[in-house]
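Everything below belongs to model_1.txt, which stores compact mmCIF, C-alpha atoms and all ligand atoms.
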# COMPACT_ATOMS: atom_id res chain seq x y z
CA MET A 1 32.94 14.21 27.18
CA ALA A 2 31.35 16.08 24.25
CA ARG A 3 27.65 16.69 24.68
CA LYS A 4 25.44 14.64 22.35
CA ARG A 5 24.07 16.64 19.43
CA PRO A 6 20.29 16.81 18.89
CA ASP A 7 18.96 14.12 16.53
CA VAL A 8 16.39 16.49 15.04
CA VAL A 9 15.81 20.23 14.88
CA TRP A 10 13.29 22.08 16.99
CA LEU A 11 10.01 22.59 15.17
CA PRO A 12 7.13 23.29 17.53
CA THR A 13 3.78 21.52 17.18
CA PRO A 14 1.02 24.17 16.81
CA GLU A 15 -0.99 24.48 20.06
CA LYS A 16 -4.17 23.31 18.36
CA VAL A 17 -2.41 20.16 17.16
CA VAL A 18 -0.97 19.65 20.67
CA ASP A 19 -4.55 19.60 22.01
CA SER A 20 -5.57 17.11 19.30
CA MET A 21 -2.63 14.85 20.25
CA LEU A 22 -3.71 14.90 23.89
CA ARG A 23 -7.35 14.25 22.99
CA LEU A 24 -6.35 11.40 20.68
CA ALA A 25 -4.44 9.80 23.58
CA GLU A 26 -7.50 10.40 25.81
CA VAL A 27 -5.24 11.79 28.53
CA GLY A 28 -6.82 12.33 31.91
CA THR A 29 -6.17 12.88 35.58
CA GLU A 30 -4.63 9.44 36.15
CA ASP A 31 -2.01 9.83 33.43
CA VAL A 32 1.71 10.48 33.55
CA LEU A 33 2.79 11.95 30.22
CA TYR A 34 6.31 12.04 28.78
CA ASP A 35 7.08 14.24 25.76
CA LEU A 36 10.34 12.95 24.29
CA GLY A 37 12.15 15.86 22.64
CA SER A 38 9.98 18.44 24.36
CA GLY A 39 11.16 21.65 22.62
CA ASP A 40 9.74 24.67 24.48
CA GLY A 41 7.73 22.37 26.77
CA ARG A 42 4.32 23.19 25.33
CA THR A 43 2.96 19.61 25.24
CA ALA A 44 3.94 18.76 28.82
CA ILE A 45 2.58 22.11 30.06
CA ALA A 46 -0.70 21.76 28.09
CA ALA A 47 -1.16 18.22 29.44
CA VAL A 48 -1.20 19.58 33.00
CA VAL A 49 -2.96 22.92 32.44
CA ARG A 50 -5.61 21.94 29.91
CA PHE A 51 -6.00 18.18 30.49
CA GLY A 52 -5.23 17.85 34.22
CA VAL A 53 -2.74 14.98 33.99
CA ARG A 54 -1.25 13.86 37.29
CA GLU A 55 2.29 14.58 36.13
CA ALA A 56 4.11 15.50 32.92
CA ARG A 57 7.75 15.25 31.97
CA GLY A 58 9.56 16.81 29.04
CA VAL A 59 12.90 15.38 27.93
CA GLU A 60 15.01 17.86 25.96
CA ILE A 61 18.66 17.94 24.98
CA ARG A 62 19.01 21.65 24.09
CA PRO A 63 19.88 23.68 27.21
CA GLN A 64 18.25 26.90 25.99
CA LEU A 65 14.92 25.15 25.33
CA LEU A 66 15.16 23.42 28.67
CA ARG A 67 15.68 26.76 30.44
CA ARG A 68 12.73 28.28 28.62
CA SER A 69 10.43 25.32 29.47
CA ARG A 70 11.39 25.43 33.15
CA GLU A 71 10.81 29.18 33.24
CA ASP A 72 7.34 28.84 31.61
CA ALA A 73 6.40 26.06 34.05
CA ARG A 74 7.60 28.14 37.00
CA ARG A 75 5.63 31.19 35.85
CA ALA A 76 2.50 29.05 35.46
CA GLY A 77 2.99 27.72 39.01
CA LEU A 78 3.37 24.14 37.80
CA GLU A 79 6.55 23.15 39.62
CA GLY A 80 6.11 19.68 41.02
CA ARG A 81 3.65 18.63 38.33
CA VAL A 82 5.77 19.38 35.26
CA ASN A 83 9.35 18.39 35.23
CA PHE A 84 11.87 19.06 32.44
CA VAL A 85 14.83 16.73 32.22
CA GLY A 86 17.99 17.62 30.27
CA GLU A 87 19.02 14.29 28.78
CA ASP A 88 19.14 12.19 25.63
CA LEU A 89 15.65 10.84 24.99
CA PHE A 90 17.17 7.49 23.95
CA ARG A 91 18.50 7.05 27.49
CA THR A 92 15.55 8.26 29.47
CA GLU A 93 13.55 5.72 31.51
CA LEU A 94 10.11 5.11 30.04
CA ALA A 95 8.43 2.71 32.47
CA GLY A 96 6.82 5.55 34.47
CA ALA A 97 4.80 6.90 31.53
CA THR A 98 1.21 6.03 30.69
CA VAL A 99 1.27 8.35 27.64
CA VAL A 100 4.24 9.21 25.40
CA THR A 101 4.11 12.00 22.83
CA LEU A 102 6.60 12.35 19.98
CA TYR A 103 7.41 14.75 17.17
CA LEU A 104 10.68 13.34 15.88
CA LEU A 105 11.45 11.56 12.59
CA PRO A 106 10.52 8.13 11.16
CA ARG A 107 13.97 6.63 11.83
CA LEU A 108 14.00 7.97 15.40
CA ASN A 109 10.52 6.51 16.04
CA LEU A 110 11.79 3.16 14.75
CA LYS A 111 14.84 3.34 16.99
CA LEU A 112 12.58 4.02 19.99
CA ARG A 113 10.02 1.35 19.06
CA PRO A 114 11.54 -1.66 20.87
CA ARG A 115 11.75 0.35 24.09
CA LEU A 116 8.18 1.67 23.78
CA LEU A 117 6.94 -1.89 23.27
CA GLY A 118 9.17 -3.41 25.93
CA GLU A 119 9.16 -0.84 28.72
CA LEU A 120 5.73 0.81 28.66
CA ARG A 121 2.96 -1.13 30.37
CA PRO A 122 0.17 -2.63 28.25
CA GLY A 123 -2.50 -0.03 27.60
CA ALA A 124 -0.03 2.90 27.53
CA ARG A 125 -0.68 5.20 24.58
CA VAL A 126 1.88 6.60 22.16
CA VAL A 127 0.98 9.53 19.91
CA SER A 128 3.26 10.76 17.16
CA HIS A 129 2.92 13.97 15.20
CA ASN A 130 3.39 13.25 11.48
CA PHE A 131 5.58 10.14 11.61
CA GLY A 132 4.83 6.42 11.78
CA MET A 133 6.49 3.39 13.40
CA GLY A 134 7.34 1.24 10.37
CA ASP A 135 5.26 -1.93 10.28
CA TRP A 136 3.68 -1.33 13.72
CA GLU A 137 0.46 0.05 12.29
CA PRO A 138 -1.32 2.75 14.28
CA ASP A 139 -4.58 1.96 16.08
CA ARG A 140 -5.87 5.31 14.78
CA THR A 141 -4.70 8.05 12.43
CA LEU A 142 -6.09 11.57 12.06
CA GLY A 143 -5.34 13.87 9.12
CA THR A 144 -5.43 17.64 8.67
CA ARG A 145 -9.15 17.59 7.89
CA ASP A 146 -9.91 15.82 11.16
CA LEU A 147 -7.93 18.42 13.11
CA PHE A 148 -8.99 21.70 11.53
CA GLY A 149 -12.47 22.93 10.70
CA ALA A 150 -13.50 24.19 7.27
CA GLY A 151 -11.93 27.57 6.59
CA GLU A 152 -9.07 27.19 9.09
CA ALA A 153 -6.81 24.95 7.02
CA PRO A 154 -3.15 25.36 8.05
CA ARG A 155 -0.35 26.02 5.57
CA VAL A 156 1.13 22.55 6.10
CA GLU A 157 -0.48 19.12 6.49
CA HIS A 158 -0.57 17.43 9.90
CA ARG A 159 -1.06 13.77 10.68
CA LEU A 160 -1.41 12.20 14.09
CA HIS A 161 -0.97 8.52 14.86
CA LEU A 162 -2.04 6.66 18.00
CA TRP A 163 -0.75 3.27 19.20
CA VAL A 164 -1.92 1.41 22.28
CA VAL A 165 0.88 -0.75 23.68
CA PRO A 166 -0.32 -4.36 23.43
CA ALA A 167 0.11 -6.99 26.14
CA ASP A 168 2.34 -9.94 25.37
CA ALA A 169 -0.59 -12.32 24.76
CA GLY A 170 1.05 -14.77 22.35
CA GLY A 171 1.61 -18.47 23.01
CA THR A 172 -0.32 -21.50 24.13
CA TRP A 173 -2.63 -21.17 27.11
CA ARG A 174 -4.66 -23.66 29.17
CA LEU A 175 -8.14 -22.17 29.43
CA THR A 176 -10.53 -23.33 32.17
CA GLY A 177 -14.23 -22.57 31.82
CA PRO A 178 -16.84 -21.95 34.54
CA ASN A 179 -17.56 -25.65 35.04
CA GLY A 180 -13.97 -26.79 34.96
CA GLU A 181 -14.00 -27.52 31.22
CA GLU A 182 -10.48 -27.31 29.77
CA PHE A 183 -9.40 -26.08 26.37
CA GLY A 184 -6.16 -25.11 24.78
CA LEU A 185 -5.97 -21.53 23.53
CA GLU A 186 -3.47 -20.70 20.85
CA ILE A 187 -2.70 -17.04 20.22
CA VAL A 188 -0.46 -15.72 17.48
CA ARG A 189 0.39 -12.05 17.96
CA ARG A 190 2.13 -9.46 15.83
CA PHE A 191 2.09 -6.09 17.63
CA GLN A 192 -1.63 -5.55 18.49
CA LYS A 193 -2.95 -7.96 15.84
CA VAL A 194 -3.98 -11.41 17.07
CA HIS A 195 -5.44 -14.59 15.67
CA GLY A 196 -5.51 -18.16 16.89
CA ALA A 197 -7.64 -21.16 17.77
CA LEU A 198 -9.44 -22.90 20.62
CA LEU A 199 -8.16 -26.46 20.93
CA PHE A 200 -9.99 -29.47 22.31
CA ASP A 201 -9.64 -33.24 22.17
CA GLY A 202 -9.53 -34.10 18.52
CA GLY A 203 -10.13 -30.67 17.10
CA ARG A 204 -9.70 -26.92 16.91
CA VAL A 205 -11.86 -23.96 15.91
CA PRO A 206 -10.44 -20.62 14.80
CA LEU A 207 -10.91 -17.56 17.00
CA ARG A 208 -13.28 -15.08 15.39
CA LYS A 209 -13.05 -11.30 15.74
CA ALA A 210 -9.99 -11.65 17.97
CA LYS A 211 -8.94 -8.24 19.35
CA LEU A 212 -6.18 -7.07 21.64
CA ARG A 213 -6.22 -3.52 23.00
CA GLY A 214 -3.67 -3.00 25.74
CA ASP A 215 -4.26 -5.91 28.12
CA ALA A 216 -7.88 -6.51 26.98
CA LEU A 217 -8.32 -9.59 24.81
CA SER A 218 -11.63 -10.61 23.25
CA PHE A 219 -12.65 -13.27 20.76
CA ALA A 220 -15.59 -15.44 19.78
CA VAL A 221 -15.71 -19.14 18.90
CA ARG A 222 -18.29 -21.24 17.14
CA GLY A 223 -18.72 -24.98 17.24
CA ALA A 224 -16.50 -25.97 20.19
CA PRO A 225 -17.86 -28.95 22.16
CA GLY A 226 -19.60 -28.01 25.41
CA LEU A 227 -19.88 -24.33 24.41
CA ARG A 228 -22.97 -22.73 22.97
CA PRO A 229 -22.80 -21.87 19.30
CA LYS A 230 -21.83 -18.20 19.71
CA ALA A 231 -19.59 -18.12 22.77
CA ARG A 232 -17.83 -14.78 23.29
CA PHE A 233 -14.83 -14.37 25.59
CA GLU A 234 -13.47 -11.15 27.11
CA GLY A 235 -10.52 -11.12 29.42
CA ARG A 236 -7.40 -9.37 30.66
CA VAL A 237 -3.84 -10.51 30.26
CA ASP A 238 -1.67 -10.17 33.35
CA GLY A 239 1.72 -11.77 32.76
CA ASP A 240 1.16 -15.50 32.32
CA VAL A 241 -2.45 -15.43 33.55
CA MET A 242 -5.71 -14.30 31.98
CA VAL A 243 -9.01 -13.84 33.76
CA GLY A 244 -12.22 -13.04 32.01
CA SER A 245 -15.89 -13.46 31.49
CA PHE A 246 -17.73 -15.47 28.99
CA ASP A 247 -21.06 -14.93 27.32
CA ALA A 248 -22.66 -17.64 25.23
CA GLY A 249 -24.78 -15.03 23.52
CA SER A 250 -28.11 -16.68 24.23
CA GLY A 251 -29.26 -14.04 26.73
CA VAL A 252 -29.83 -16.52 29.57
CA PRO A 253 -27.91 -15.99 32.84
CA GLU A 254 -26.61 -19.60 32.92
CA ALA A 255 -24.85 -18.86 29.67
CA ARG A 256 -22.50 -16.41 31.44
CA GLY A 257 -19.52 -17.29 33.53
CA GLU A 258 -15.91 -16.68 34.40
CA TRP A 259 -12.88 -18.24 32.77
CA THR A 260 -9.20 -18.24 33.53
CA ALA A 261 -6.18 -19.17 31.47
CA GLU A 262 -2.59 -19.93 32.26
CA ARG A 263 0.22 -19.70 29.71
CA ILE A 264 1.93 -23.04 29.19
CA ALA A 265 4.25 -22.05 26.33
CA ARG A 266 5.38 -18.74 24.88
CA LYS A 267 5.19 -20.17 21.38
CA GLU A 268 1.96 -21.37 19.84
CA ARG A 269 2.07 -25.10 19.11
C1 LIG B 301 10.48 18.60 16.25
S1 LIG B 301 10.87 19.17 17.85
C2 LIG B 301 9.38 18.81 18.77
C3 LIG B 301 9.22 19.63 20.01
C4 LIG B 301 7.94 19.34 20.81
N1 LIG B 301 7.80 17.94 21.14
C5 LIG B 301 6.75 19.79 20.05
O1 LIG B 301 6.03 18.92 19.52
O2 LIG B 301 6.51 21.02 19.97
C6 LIG B 301 12.03 17.92 18.42
C7 LIG B 301 12.77 18.27 19.69
O3 LIG B 301 13.57 17.15 20.08
C8 LIG B 301 14.79 17.64 20.64
N2 LIG B 301 15.79 16.56 20.54
C9 LIG B 301 16.43 16.14 19.42
N3 LIG B 301 17.23 15.08 19.72
C10 LIG B 301 17.07 14.81 21.04
C11 LIG B 301 17.61 13.84 21.92
N4 LIG B 301 18.44 12.90 21.49
N5 LIG B 301 17.22 13.88 23.21
C12 LIG B 301 16.35 14.81 23.67
N6 LIG B 301 15.81 15.78 22.87
C13 LIG B 301 16.15 15.78 21.58
C14 LIG B 301 15.10 18.85 19.78
O4 LIG B 301 16.00 19.73 20.44
C15 LIG B 301 13.69 19.45 19.58
O5 LIG B 301 13.40 20.38 20.59
What does this structure look like when you write it as C-alpha cells?
Ligand SMILES: C[S@@+](CC[C@H](N)C(=O)[O-])C[C@H]1O[C@@H](n2cnc3c(N)ncnc32)[C@H](O)[C@@H]1O
Amino acid sequence: MARKRPDVVWLPTPEKVVDSMLRLAEVGTEDVLYDLGSGDGRTAIAAVVRFGVREARGVEIRPQLLRRSREDARRAGLEGRVNFVGEDLFRTELAGATVVTLYLLPRLNLKLRPRLLGELRPGARVVSHNFGMGDWEPDRTLGTRDLFGAGEAPRVEHRLHLWVVPADAGGTWRLTGPNGEEFGLEIVRRFQKVHGALLFDGGRVPLRKAKLRGDALSFAVRGAPGLRPKARFEGRVDGDVMVGSFDAGSGVPEARGEWTAERIARKER
C-alpha cells in the first residue's frame, strides 16, 4: 500500500513561540502532551525538558523527521518520557492527551475538530500556532506583540490560539438544593458557550453570567423562589451528574450549601 503523503509541509515553530504555546496551555507535571505533526520533535522535547510534563508524544508522517526526533530525544536522555510515533495524525488515538499542540492548516484543524471535541476529556487544552478552528472560537488568542518584547519583533507574524475542551453540559437537568428543594435547569450549549434558565413551578429565570470551562460550570440566578436574591452556583459536570456548591451571596454561612443535578434529557425543553 502506498504511504500516505503529508498533508502539510514541515515549517518549524520558533523555539520562543514553542515556549509561549506551552505556557499558554499552562502545561505542568501532570500533563500528557501530544504534538500532532511533530516535525523535528521540538515541541514534545521542550514540553519534557523545559516544562516537566509527565509524558510527551510526537506524531509525524515523514520518516526522516521521525528519525531525527528520536535521535534528539535519545541524546537528551529522554527515552521513556518522549515517544515519537510514525503514523497519520488523523488516525492517532487522542484520548490519552491532556494537551494537544498543532501547527497545521485551517482545513486540517477543522477536520480534526470533531475528534478533539469528542475524544479529549473535558478540561484538555488545545493550542494551535497561527490557525483557528472555524466557528469554535478560542478561549484565548495571543498575537506577535504578546509573544515578543519591544525590539525583538520577528520577520513574520505569529498568532497562538487556546481552546479548553468543554464538557457536554447541555440538556435539561433536575437540580436539588441543600434542603431538598427541586428546580429544573435548562442548559443550551454551543462549544464552550452556555446559556439557559432555572425552572420552577410556574416560572423560569434566566441564568446570568453562565460559564463553562472544561467541566466547571458556574452561573447566577436572581428572583427564584426559595433562593436568596443573588444565588451563585458553581459545580462540575461528570457525565449525567453535576455536583457543586452554592453561595447566596449574603456572606452568612447558612447561605452556603451543596447542590446536585441529574440530567433528565439531552435536549433542553
Ligand atoms: C508545519 S509543520 C509543524 C511541525 C511542529 N509541530 C512544529 O510546530 O515545529 C507540520 C508537520 O506535520 C507533518 N504532517 C503533515 N501531515 C501529516 C499527517 N497526516 N500525519 C502526521 N504528520 C503530518 C509534516 O511532515 C510536518 O512535519
Proximity of segment 123-175 of chain A to segment 181-189 of chain A: per-residue shortest pair, 9 Å limit, all atoms listed in the file, as JSON lines:
{"residue": "A:Asp168", "atom": "CA", "partner": "A:Arg189", "partner_atom": "CA", "distance": 7.9}
{"residue": "A:Ala169", "atom": "CA", "partner": "A:Arg189", "partner_atom": "CA", "distance": 6.9}
{"residue": "A:Gly170", "atom": "CA", "partner": "A:Ile187", "partner_atom": "CA", "distance": 4.9}
{"residue": "A:Gly171", "atom": "CA", "partner": "A:Ile187", "partner_atom": "CA", "distance": 5.3}
{"residue": "A:Thr172", "atom": "CA", "partner": "A:Glu186", "partner_atom": "CA", "distance": 4.6}
{"residue": "A:Trp173", "atom": "CA", "partner": "A:Leu185", "partner_atom": "CA", "distance": 4.9}
{"residue": "A:Arg174", "atom": "CA", "partner": "A:Gly184", "partner_atom": "CA", "distance": 4.9}
{"residue": "A:Leu175", "atom": "CA", "partner": "A:Phe183", "partner_atom": "CA", "distance": 5.1}
>> Counting all atoms listed in the file, what are the residues, protein, DNA or RNA alike, that approach ligand LIG 301 (chain B) to within 7 Å? I want them as a list in words.
In response: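 Here is the list of contacting residues: Pro6, Asp7, Val8, Val9, Trp10, Leu11, Pro12, Thr13, Asp35, Leu36, Gly37, Ser38, Gly39, Asp40, Gly41, Arg42, Thr43, Val59, Glu60, Ile61, Arg62, Leu65, Glu87, Asp88, Leu89, Phe90, Leu102, Tyr103 and Leu104 of chain A.
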> Any idea what's packed within 9 Å of Asp247 of chain A, counting all atoms listed in the file, ignoring anything in its chain fewer than 5 positions away? Could you give it as a list in words?
Replying inline: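 Within the cut-off, the hits are Lys230, Ala231, Arg232, Phe233, Glu234, Pro253, Ala255, Arg256, Gly257 and Glu258 of chain A.
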Go ahead and dump the residues you just picked, C-alpha atoms, as a short mmCIF file (atom, residue, chain, number, x, y, z; two decimals), in the frame of the given file.
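Okay, result01.cif is ready:
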data_model
loop_
_atom_site.label_atom_id
_atom_site.label_comp_id
_atom_site.auth_asym_id
_atom_site.auth_seq_id
_atom_site.Cartn_x
_atom_site.Cartn_y
_atom_site.Cartn_z
CA LYS A 230 -21.83 -18.20 19.71
CA ALA A 231 -19.59 -18.12 22.77
CA ARG A 232 -17.83 -14.78 23.29
CA PHE A 233 -14.83 -14.37 25.59
CA GLU A 234 -13.47 -11.15 27.11
CA PRO A 253 -27.91 -15.99 32.84
CA ALA A 255 -24.85 -18.86 29.67
CA ARG A 256 -22.50 -16.41 31.44
CA GLY A 257 -19.52 -17.29 33.53
CA GLU A 258 -15.91 -16.68 34.40
#
>> So the first atom is atom CA of Leu160 of chain A and the second is atom CA of Phe148 of chain A; what is the distance between them in Å, to one decimal place?
In response: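 Answer for the atom CA of Leu160 of chain A to atom CA of Phe148 of chain A separation: 12.4 Å.
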> Quick one: distance from atom CA of Val100 of chain A to atom CA of Ala73 of chain A in Å, one decimal?
Replying inline: 19.1 Å
Segment 33-140 of chain A near segment 20-24 of chain A within 10 Å: what's each residue's closest atom pair and its distance in Å to one decimal, counting all atoms listed in the file, ordered by chain then ascending residue number, as a Markdown table?
| residue | atom | partner | partner_atom | distance |
| --- | --- | --- | --- | --- |
| A:Leu33 | CA | A:Leu22 | CA | 9.5 |
| A:Thr43 | CA | A:Leu22 | CA | 8.3 |
| A:Ala44 | CA | A:Leu22 | CA | 9.9 |
| A:Ala46 | CA | A:Leu22 | CA | 8.6 |
| A:Ala47 | CA | A:Leu22 | CA | 7.0 |
| A:Arg50 | CA | A:Leu22 | CA | 9.5 |
| A:Phe51 | CA | A:Leu22 | CA | 7.7 |
| A:Val99 | CA | A:Leu22 | CA | 9.0 |
| A:Val100 | CA | A:Leu22 | CA | 9.9 |
| A:Thr101 | CA | A:Met21 | CA | 7.8 |
| A:Leu102 | CA | A:Met21 | CA | 9.6 |
| A:Arg125 | CA | A:Leu24 | CA | 9.3 |
| A:Val126 | CA | A:Met21 | CA | 9.6 |
| A:Val127 | CA | A:Met21 | CA | 6.4 |
| A:Ser128 | CA | A:Met21 | CA | 7.8 |
| A:His129 | CA | A:Met21 | CA | 7.6 |
| A:Arg140 | CA | A:Leu24 | CA | 8.5 |
> What does the distance from atom CA of Gly77 of chain A to atom CA of Thr98 of chain A come to in Å, to one decimal?
Replying inline: 23.3 Å
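You can rank A:Ala261, A:Val53, A:Leu117, A:Ile45 by their closest distance to Phe84 of chain A using all atoms listed in the file, and at the top of that list sits A:Ile45.
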>> I want to know what sits within 12 Å of Gly134 of chain A, based on all atoms listed in the file, with residues of the same chain fewer than 4 positions away left out; could you give that as a ChimeraX atom specification?
In response: /A:105-114,138,161,191
>> Restricting the calculation to all atoms listed in the file: of A:Arg91, A:His195, A:Arg70, A:Lys16, which residue gets closest to Lys4 of chain A?
In response: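 The shortest atom-to-atom distance to Lys4 of chain A comes from A:Arg91.
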> Pick from A:Ala167, A:Leu66, A:Ala216, A:Val194: nearest to Asp240 of chain A, with only C-alpha atoms counted?
Replying inline: A:Ala167
> Of the residues A:Gly58, A:Gly214, A:Pro206, A:Gly86, which is the one nearest to Leu120 of chain A, using all atoms listed in the file?
Replying inline: A:Gly214
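Checking A:Ala76, A:Val27, A:Ala97, A:Val18 one by one against Gly52 of chain A, counting only C-alpha atoms, you find the shortest gap at A:Val27.
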Give the padded box for segment 108-115 of chain A as lines of an AutoDock Vina configuration file: axis-aligned, covering all atoms listed in the file, 8 Å on each side, centre and edge lengths in Å to one decimal.
center_x = 12.4
center_y = 3.2
center_z = 19.4
size_x = 20.8
size_y = 25.6
size_z = 25.3
